[in-house]
file upload.cif (mmCIF, C-alpha atoms)
data_model
#
loop_
_atom_site.group_PDB
_atom_site.id
_atom_site.type_symbol
_atom_site.label_atom_id
_atom_site.label_comp_id
_atom_site.auth_asym_id
_atom_site.auth_seq_id
_atom_site.Cartn_x
_atom_site.Cartn_y
_atom_site.Cartn_z
ATOM 1 C CA SER A 1 0.000 0.000 0.000
ATOM 2 C CA GLN A 2 1.120 3.545 -0.604
ATOM 3 C CA GLN A 3 2.108 6.035 2.061
ATOM 4 C CA GLY A 4 -0.972 7.631 3.589
ATOM 5 C CA GLU A 5 -3.543 5.176 2.285
ATOM 6 C CA GLU A 6 -7.110 5.648 3.509
ATOM 7 C CA ASP A 7 -9.683 2.991 4.146
ATOM 8 C CA PRO A 8 -12.477 2.616 3.210
ATOM 9 C CA GLN A 9 -12.433 4.220 -0.216
ATOM 10 C CA ALA A 10 -16.054 5.259 0.193
ATOM 11 C CA LEU A 11 -18.443 5.379 3.118
ATOM 12 C CA SER A 12 -22.163 6.090 3.120
ATOM 13 C CA ILE A 13 -24.017 6.770 6.376
ATOM 14 C CA GLN A 14 -27.115 8.487 7.730
ATOM 15 C CA GLU A 15 -27.112 11.811 9.509
ATOM 16 C CA GLY A 16 -26.459 11.383 13.197
ATOM 17 C CA GLU A 17 -24.305 8.288 12.781
ATOM 18 C CA ASN A 18 -20.589 8.226 13.414
ATOM 19 C CA ALA A 19 -18.096 7.892 10.586
ATOM 20 C CA THR A 20 -14.709 6.269 11.016
ATOM 21 C CA MET A 21 -11.947 6.465 8.451
ATOM 22 C CA ASN A 22 -8.561 4.825 8.691
ATOM 23 C CA CYS A 23 -5.194 5.679 7.300
ATOM 24 C CA SER A 24 -2.063 3.562 7.074
ATOM 25 C CA TYR A 25 1.408 4.708 6.212
ATOM 26 C CA LYS A 26 4.806 3.156 5.691
ATOM 27 C CA THR A 27 7.663 5.363 6.816
ATOM 28 C CA SER A 28 8.383 7.094 10.112
ATOM 29 C CA ILE A 29 6.653 10.429 10.463
ATOM 30 C CA ASN A 30 6.800 13.683 12.384
ATOM 31 C CA ASN A 31 3.132 14.527 12.052
ATOM 32 C CA LEU A 32 -0.026 13.224 10.480
ATOM 33 C CA GLN A 33 -2.709 15.568 9.270
ATOM 34 C CA TRP A 34 -6.284 15.093 8.134
ATOM 35 C CA TYR A 35 -7.846 17.261 5.448
ATOM 36 C CA ARG A 36 -11.316 17.562 3.982
ATOM 37 C CA GLN A 37 -12.069 18.369 0.383
ATOM 38 C CA ASN A 38 -15.494 19.218 -0.875
ATOM 39 C CA SER A 39 -16.141 18.294 -4.484
ATOM 40 C CA GLY A 40 -14.229 20.571 -6.815
ATOM 41 C CA ARG A 41 -12.818 22.669 -3.984
ATOM 42 C CA GLY A 42 -9.549 23.097 -2.143
ATOM 43 C CA LEU A 43 -8.443 21.269 0.951
ATOM 44 C CA VAL A 44 -9.450 22.331 4.420
ATOM 45 C CA HIS A 45 -7.109 21.466 7.253
ATOM 46 C CA LEU A 46 -8.922 19.572 9.996
ATOM 47 C CA ILE A 47 -6.417 18.420 12.549
ATOM 48 C CA LEU A 48 -2.729 17.682 13.047
ATOM 49 C CA ILE A 49 -1.468 15.004 15.393
ATOM 50 C CA ARG A 50 2.196 14.751 16.291
ATOM 51 C CA SER A 51 4.057 11.472 16.334
ATOM 52 C CA ASN A 52 4.321 11.594 20.132
ATOM 53 C CA GLU A 53 0.572 12.026 20.563
ATOM 54 C CA ARG A 54 -1.930 9.178 20.672
ATOM 55 C CA GLU A 55 -5.253 10.972 20.510
ATOM 56 C CA LYS A 56 -6.557 14.420 19.723
ATOM 57 C CA HIS A 57 -9.994 15.997 19.701
ATOM 58 C CA SER A 58 -11.408 18.970 17.867
ATOM 59 C CA GLY A 59 -15.151 19.511 18.127
ATOM 60 C CA ARG A 60 -16.847 16.463 16.617
ATOM 61 C CA LEU A 61 -13.530 15.109 15.363
ATOM 62 C CA ARG A 62 -11.397 12.562 17.130
ATOM 63 C CA VAL A 63 -8.095 11.430 15.712
ATOM 64 C CA THR A 64 -5.959 8.592 16.974
ATOM 65 C CA LEU A 65 -2.436 7.686 16.024
ATOM 66 C CA ASP A 66 -0.707 4.361 16.552
ATOM 67 C CA THR A 67 2.895 4.715 15.440
ATOM 68 C CA SER A 68 3.655 1.056 16.194
ATOM 69 C CA LYS A 69 1.051 0.031 13.632
ATOM 70 C CA LYS A 70 1.695 3.061 11.421
ATOM 71 C CA SER A 71 -1.978 3.858 11.359
ATOM 72 C CA SER A 72 -4.394 6.636 12.231
ATOM 73 C CA SER A 73 -8.139 6.938 12.427
ATOM 74 C CA LEU A 74 -10.485 9.863 12.045
ATOM 75 C CA LEU A 75 -13.830 9.657 13.800
ATOM 76 C CA ILE A 76 -16.592 12.134 13.021
ATOM 77 C CA THR A 77 -19.354 11.908 15.592
ATOM 78 C CA ALA A 78 -22.996 12.838 15.018
ATOM 79 C CA SER A 79 -22.412 13.340 11.321
ATOM 80 C CA ARG A 80 -24.267 15.948 9.296
ATOM 81 C CA ALA A 81 -25.071 16.191 5.613
ATOM 82 C CA ALA A 82 -22.531 19.034 5.443
ATOM 83 C CA ASP A 83 -19.804 16.546 6.376
ATOM 84 C CA THR A 84 -20.175 15.005 2.922
ATOM 85 C CA ALA A 85 -16.732 15.338 1.370
ATOM 86 C CA SER A 86 -13.533 13.459 0.665
ATOM 87 C CA TYR A 87 -11.173 13.030 3.580
ATOM 88 C CA PHE A 88 -7.435 12.679 3.167
ATOM 89 C CA CYS A 89 -4.683 11.860 5.558
ATOM 90 C CA ALA A 90 -1.279 13.330 4.886
ATOM 91 C CA THR A 91 2.033 12.389 6.411
ATOM 92 C CA ASP A 92 5.358 14.098 6.473
ATOM 93 C CA SER A 93 8.512 12.063 6.751
ATOM 94 C CA ASN A 94 11.101 12.741 9.382
ATOM 95 C CA SER A 95 13.782 12.995 6.730
ATOM 96 C CA GLY A 96 14.117 16.690 7.328
ATOM 97 C CA TYR A 97 11.791 17.979 4.656
ATOM 98 C CA SER A 98 8.237 18.970 5.376
ATOM 99 C CA THR A 99 6.463 17.901 2.218
ATOM 100 C CA LEU A 100 3.260 15.942 2.625
ATOM 101 C CA THR A 101 2.306 12.610 1.139
ATOM 102 C CA PHE A 102 -1.396 12.133 0.606
ATOM 103 C CA GLY A 103 -3.487 9.028 0.173
ATOM 104 C CA LYS A 104 -6.308 8.702 -2.318
ATOM 105 C CA GLY A 105 -8.881 9.627 0.275
ATOM 106 C CA THR A 106 -12.142 8.337 1.666
ATOM 107 C CA MET A 107 -15.284 9.684 0.076
ATOM 108 C CA LEU A 108 -17.909 10.190 2.784
ATOM 109 C CA LEU A 109 -21.570 10.591 1.923
ATOM 110 C CA VAL A 110 -23.917 11.587 4.741
ATOM 111 C CA SER A 111 -27.572 11.284 3.807
ATOM 112 C CA PRO A 112 -30.240 13.376 5.560
ATOM 113 C CA ASN B 1 -6.787 37.486 7.209
ATOM 114 C CA ALA B 2 -6.790 36.243 3.661
ATOM 115 C CA GLY B 3 -5.926 32.631 3.137
ATOM 116 C CA VAL B 4 -3.778 31.179 0.413
ATOM 117 C CA MET B 5 -4.772 32.701 -2.878
ATOM 118 C CA GLN B 6 -4.409 31.099 -6.245
ATOM 119 C CA ASN B 7 -5.209 32.399 -9.669
ATOM 120 C CA PRO B 8 -6.579 31.755 -12.063
ATOM 121 C CA ARG B 9 -9.159 29.335 -10.669
ATOM 122 C CA HIS B 10 -9.699 27.783 -14.063
ATOM 123 C CA LEU B 11 -7.313 27.788 -16.994
ATOM 124 C CA VAL B 12 -7.841 26.322 -20.426
ATOM 125 C CA ARG B 13 -4.872 25.893 -22.722
ATOM 126 C CA ARG B 14 -4.365 24.250 -26.065
ATOM 127 C CA ARG B 15 -1.658 21.662 -26.472
ATOM 128 C CA GLY B 16 1.726 23.310 -26.860
ATOM 129 C CA GLN B 17 0.835 26.516 -25.045
ATOM 130 C CA GLU B 18 2.258 27.655 -21.739
ATOM 131 C CA ALA B 19 0.394 27.654 -18.431
ATOM 132 C CA ARG B 20 1.335 29.979 -15.575
ATOM 133 C CA LEU B 21 -0.237 29.363 -12.202
ATOM 134 C CA ARG B 22 0.141 31.835 -9.372
ATOM 135 C CA CYS B 23 0.038 31.393 -5.626
ATOM 136 C CA SER B 24 0.150 33.978 -2.859
ATOM 137 C CA PRO B 25 0.817 32.419 0.546
ATOM 138 C CA MET B 26 -0.939 33.343 3.731
ATOM 139 C CA LYS B 27 0.361 36.393 5.525
ATOM 140 C CA GLY B 28 3.335 35.454 7.633
ATOM 141 C CA HIS B 29 4.064 32.275 5.687
ATOM 142 C CA SER B 30 7.321 32.026 3.789
ATOM 143 C CA HIS B 31 7.121 28.407 2.668
ATOM 144 C CA VAL B 32 5.162 27.339 -0.389
ATOM 145 C CA TYR B 33 4.322 23.882 -1.675
ATOM 146 C CA TRP B 34 2.777 22.864 -4.977
ATOM 147 C CA TYR B 35 0.701 19.707 -5.381
ATOM 148 C CA ARG B 36 -1.104 18.174 -8.315
ATOM 149 C CA GLN B 37 -4.339 16.243 -8.100
ATOM 150 C CA LEU B 38 -5.550 14.039 -10.895
ATOM 151 C CA PRO B 39 -9.247 13.052 -11.005
ATOM 152 C CA GLU B 40 -10.214 10.556 -8.285
ATOM 153 C CA GLU B 41 -6.698 10.735 -6.835
ATOM 154 C CA GLY B 42 -5.055 12.235 -3.799
ATOM 155 C CA LEU B 43 -2.627 15.091 -4.028
ATOM 156 C CA LYS B 44 0.900 14.441 -5.224
ATOM 157 C CA PHE B 45 3.734 16.648 -4.057
ATOM 158 C CA MET B 46 5.577 18.538 -6.762
ATOM 159 C CA VAL B 47 7.860 21.192 -5.313
ATOM 160 C CA TYR B 48 8.665 22.999 -2.073
ATOM 161 C CA LEU B 49 10.020 26.534 -2.117
ATOM 162 C CA GLN B 50 11.112 29.245 0.218
ATOM 163 C CA LYS B 51 11.643 32.805 -0.895
ATOM 164 C CA GLU B 52 14.153 32.688 -3.779
ATOM 165 C CA ASN B 53 15.036 29.051 -3.082
ATOM 166 C CA ILE B 54 13.843 25.687 -4.311
ATOM 167 C CA ILE B 55 14.160 23.327 -1.376
ATOM 168 C CA ASP B 56 12.762 20.115 -2.819
ATOM 169 C CA GLU B 57 11.631 19.541 -6.390
ATOM 170 C CA SER B 58 11.674 15.764 -6.269
ATOM 171 C CA GLY B 59 8.034 15.547 -7.342
ATOM 172 C CA MET B 60 8.317 17.799 -10.330
ATOM 173 C CA PRO B 61 8.657 16.381 -13.849
ATOM 174 C CA LYS B 62 12.145 17.035 -15.160
ATOM 175 C CA GLU B 63 10.973 18.660 -18.365
ATOM 176 C CA ARG B 64 8.537 21.478 -19.109
ATOM 177 C CA PHE B 65 7.780 22.234 -15.434
ATOM 178 C CA SER B 66 9.427 24.952 -13.386
ATOM 179 C CA ALA B 67 8.618 26.863 -10.224
ATOM 180 C CA GLU B 68 9.816 29.997 -8.569
ATOM 181 C CA PHE B 69 9.082 32.025 -5.472
ATOM 182 C CA PRO B 70 10.681 35.434 -5.915
ATOM 183 C CA LYS B 71 11.546 37.842 -3.162
ATOM 184 C CA GLU B 72 8.570 39.947 -4.138
ATOM 185 C CA GLY B 73 5.334 38.642 -5.553
ATOM 186 C CA PRO B 74 3.593 35.296 -5.750
ATOM 187 C CA SER B 75 5.007 31.872 -6.391
ATOM 188 C CA ILE B 76 4.672 30.789 -10.003
ATOM 189 C CA LEU B 77 4.293 27.274 -11.356
ATOM 190 C CA ARG B 78 5.049 27.288 -15.040
ATOM 191 C CA ILE B 79 4.224 24.494 -17.463
ATOM 192 C CA GLN B 80 5.629 24.855 -20.933
ATOM 193 C CA GLN B 81 4.243 23.133 -24.032
ATOM 194 C CA VAL B 82 1.302 21.659 -22.161
ATOM 195 C CA VAL B 83 -0.039 18.229 -23.062
ATOM 196 C CA ARG B 84 -3.414 16.656 -22.286
ATOM 197 C CA GLY B 85 -1.877 14.679 -19.442
ATOM 198 C CA ASP B 86 -1.155 17.951 -17.628
ATOM 199 C CA SER B 87 -4.894 18.465 -17.109
ATOM 200 C CA ALA B 88 -5.367 18.391 -13.361
ATOM 201 C CA ALA B 89 -6.046 20.529 -10.326
ATOM 202 C CA TYR B 90 -2.923 22.249 -9.040
ATOM 203 C CA PHE B 91 -2.951 23.218 -5.399
ATOM 204 C CA CYS B 92 -0.634 25.516 -3.569
ATOM 205 C CA ALA B 93 -0.130 25.373 0.181
ATOM 206 C CA SER B 94 1.822 27.554 2.555
ATOM 207 C CA SER B 95 3.144 27.195 6.043
ATOM 208 C CA ARG B 96 5.212 28.919 8.633
ATOM 209 C CA ASP B 97 8.771 27.780 9.131
ATOM 210 C CA PRO B 98 8.406 23.984 9.397
ATOM 211 C CA ILE B 99 11.602 23.638 11.386
ATOM 212 C CA SER B 100 9.521 23.778 14.525
ATOM 213 C CA ARG B 101 7.991 20.462 13.410
ATOM 214 C CA SER B 102 4.581 21.623 14.497
ATOM 215 C CA TYR B 103 3.256 23.298 11.442
ATOM 216 C CA GLU B 104 0.166 23.080 9.329
ATOM 217 C CA GLN B 105 -0.066 23.541 5.627
ATOM 218 C CA TYR B 106 -2.926 25.708 4.470
ATOM 219 C CA PHE B 107 -4.192 25.112 0.979
ATOM 220 C CA GLY B 108 -5.479 27.453 -1.650
ATOM 221 C CA PRO B 109 -8.611 26.769 -3.710
ATOM 222 C CA GLY B 110 -6.584 25.353 -6.568
ATOM 223 C CA THR B 111 -6.239 26.052 -10.266
ATOM 224 C CA ARG B 112 -8.013 23.657 -12.552
ATOM 225 C CA LEU B 113 -6.026 23.306 -15.744
ATOM 226 C CA THR B 114 -7.684 21.849 -18.802
ATOM 227 C CA VAL B 115 -5.603 21.154 -21.866
ATOM 228 C CA THR B 116 -7.592 20.809 -25.045
#
call {"tool": "encode", "arguments": {"input": "upload.cif", "output": "structure tokens"}}
result
Amino acid sequence: SQQGEEDPQALSIQEGENATMNCSYKTSINNLQWYRQNSGRGLVHLILIRSNEREKHSGRLRVTLDTSKKSSSLLITASRAADTASYFCATDSNSGYSTLTFGKGTMLLVSP
Amino acid sequence: NAGVMQNPRHLVRRRGQEARLRCSPMKGHSHVYWYRQLPEEGLKFMVYLQKENIIDESGMPKERFSAEFPKEGPSILRIQQVVRGDSAAYFCASSRDPISRSYEQYFGPGTRLTVT
């Protein structure tokens, strides 16, 4: 699998349900970030979790990071139709440069 | 506090023409990154620049593509002699000094390039 690969590729839920997306990566990282992209739009930064952190919250978002398994999850609680978007995780390597490697994303559809 | 600005938002070029994409980073940010997104794909890193310096261009095609970030003015991604395969969304992001290792990249709305 490629660096920063999300799972599932697509997820369809009802409003009010929780949505969980996973991300796996290969190399050691400094940080992992989650972004949202609405169709045809730019990326919106959601949350950054450092490699020495295990869990982080921001509003209805909860991100976990397991560096031993090289994986992260993004949980959106009490989803809304407005959460419909593609979600990407992005990792930066600890090689010294700060460029991000993105996965192909999870497309989330929240139906009213 | 304006975010990252990119223009144009949409650009149509015929094969063989040149495309120039511009990016103005957020205020206070001196680091710029360019990414390309093909349909149904995630973003792929192209080039990372500081003012007047290219730091990492490992993701940029060796031919026809160039980038600059002058002391004054926006960063420019230039594609010469465009081909249909260059059709994509090109996103610019900016950040503060990433040396602190606790930075976030903020993305612009993108430029959608269509080569006909």
call {"tool": "resolve_selection", "arguments": {"input": "upload.cif", "expression": "the PyMOL selection byres ((chain A) within 12 of (chain B))", "output": "number ranges by chain"}}
result
A: 2-6, 9-10, 29-52, 86-107
call {"tool": "residues_around", "arguments": {"input": "upload.cif", "residues": "Leu11 of chain B", "least_positions_apart": "2", "cutoff": "7 Å", "atoms": "all atoms listed in the file", "output": "ChimeraX atom specification"}}
result
/B:8-9,13,112-114
call {"tool": "atom_distance", "arguments": {"input": "upload.cif", "atom1": "atom CA of Asn18 of chain A", "atom2": "atom CA of Leu108 of chain A"}}
result
11.1 Å
call {"tool": "atom_distance", "arguments": {"input": "upload.cif", "atom1": "atom CA of Arg60 of chain A", "atom2": "atom CA of Val110 of chain A"}}
result
14.7 Å
call {"tool": "atom_distance", "arguments": {"input": "upload.cif", "atom1": "atom CA of Leu61 of chain A", "atom2": "atom CA of Ile76 of chain A"}}
result
4.9 Å
call {"tool": "resolve_selection", "arguments": {"input": "upload.cif", "expression": "the PyMOL selection byres ((chain A and resi 15) around 7)", "output": "VMD selection string"}}
result
chain A and resid 13 to 14 16 to 17 78 to 81 110 to 112
call {"tool": "resolve_selection", "arguments": {"input": "upload.cif", "expression": "the PyMOL selection byres ((chain B and resi 69-86) around 7)", "output": "JSON, numbers by chain"}}
result
{"B": [15, 16, 17, 18, 19, 20, 21, 22, 23, 24, 49, 50, 51, 52, 64, 65, 66, 67, 68, 87, 88, 115, 116]}
call {"tool": "closest_residue", "arguments": {"input": "upload.cif", "among": "B:His10, B:Leu38, B:Glu57, B:Val4", "to": "Met26 of chain B", "atoms": "all atoms listed in the file"}}
result
B:Val4
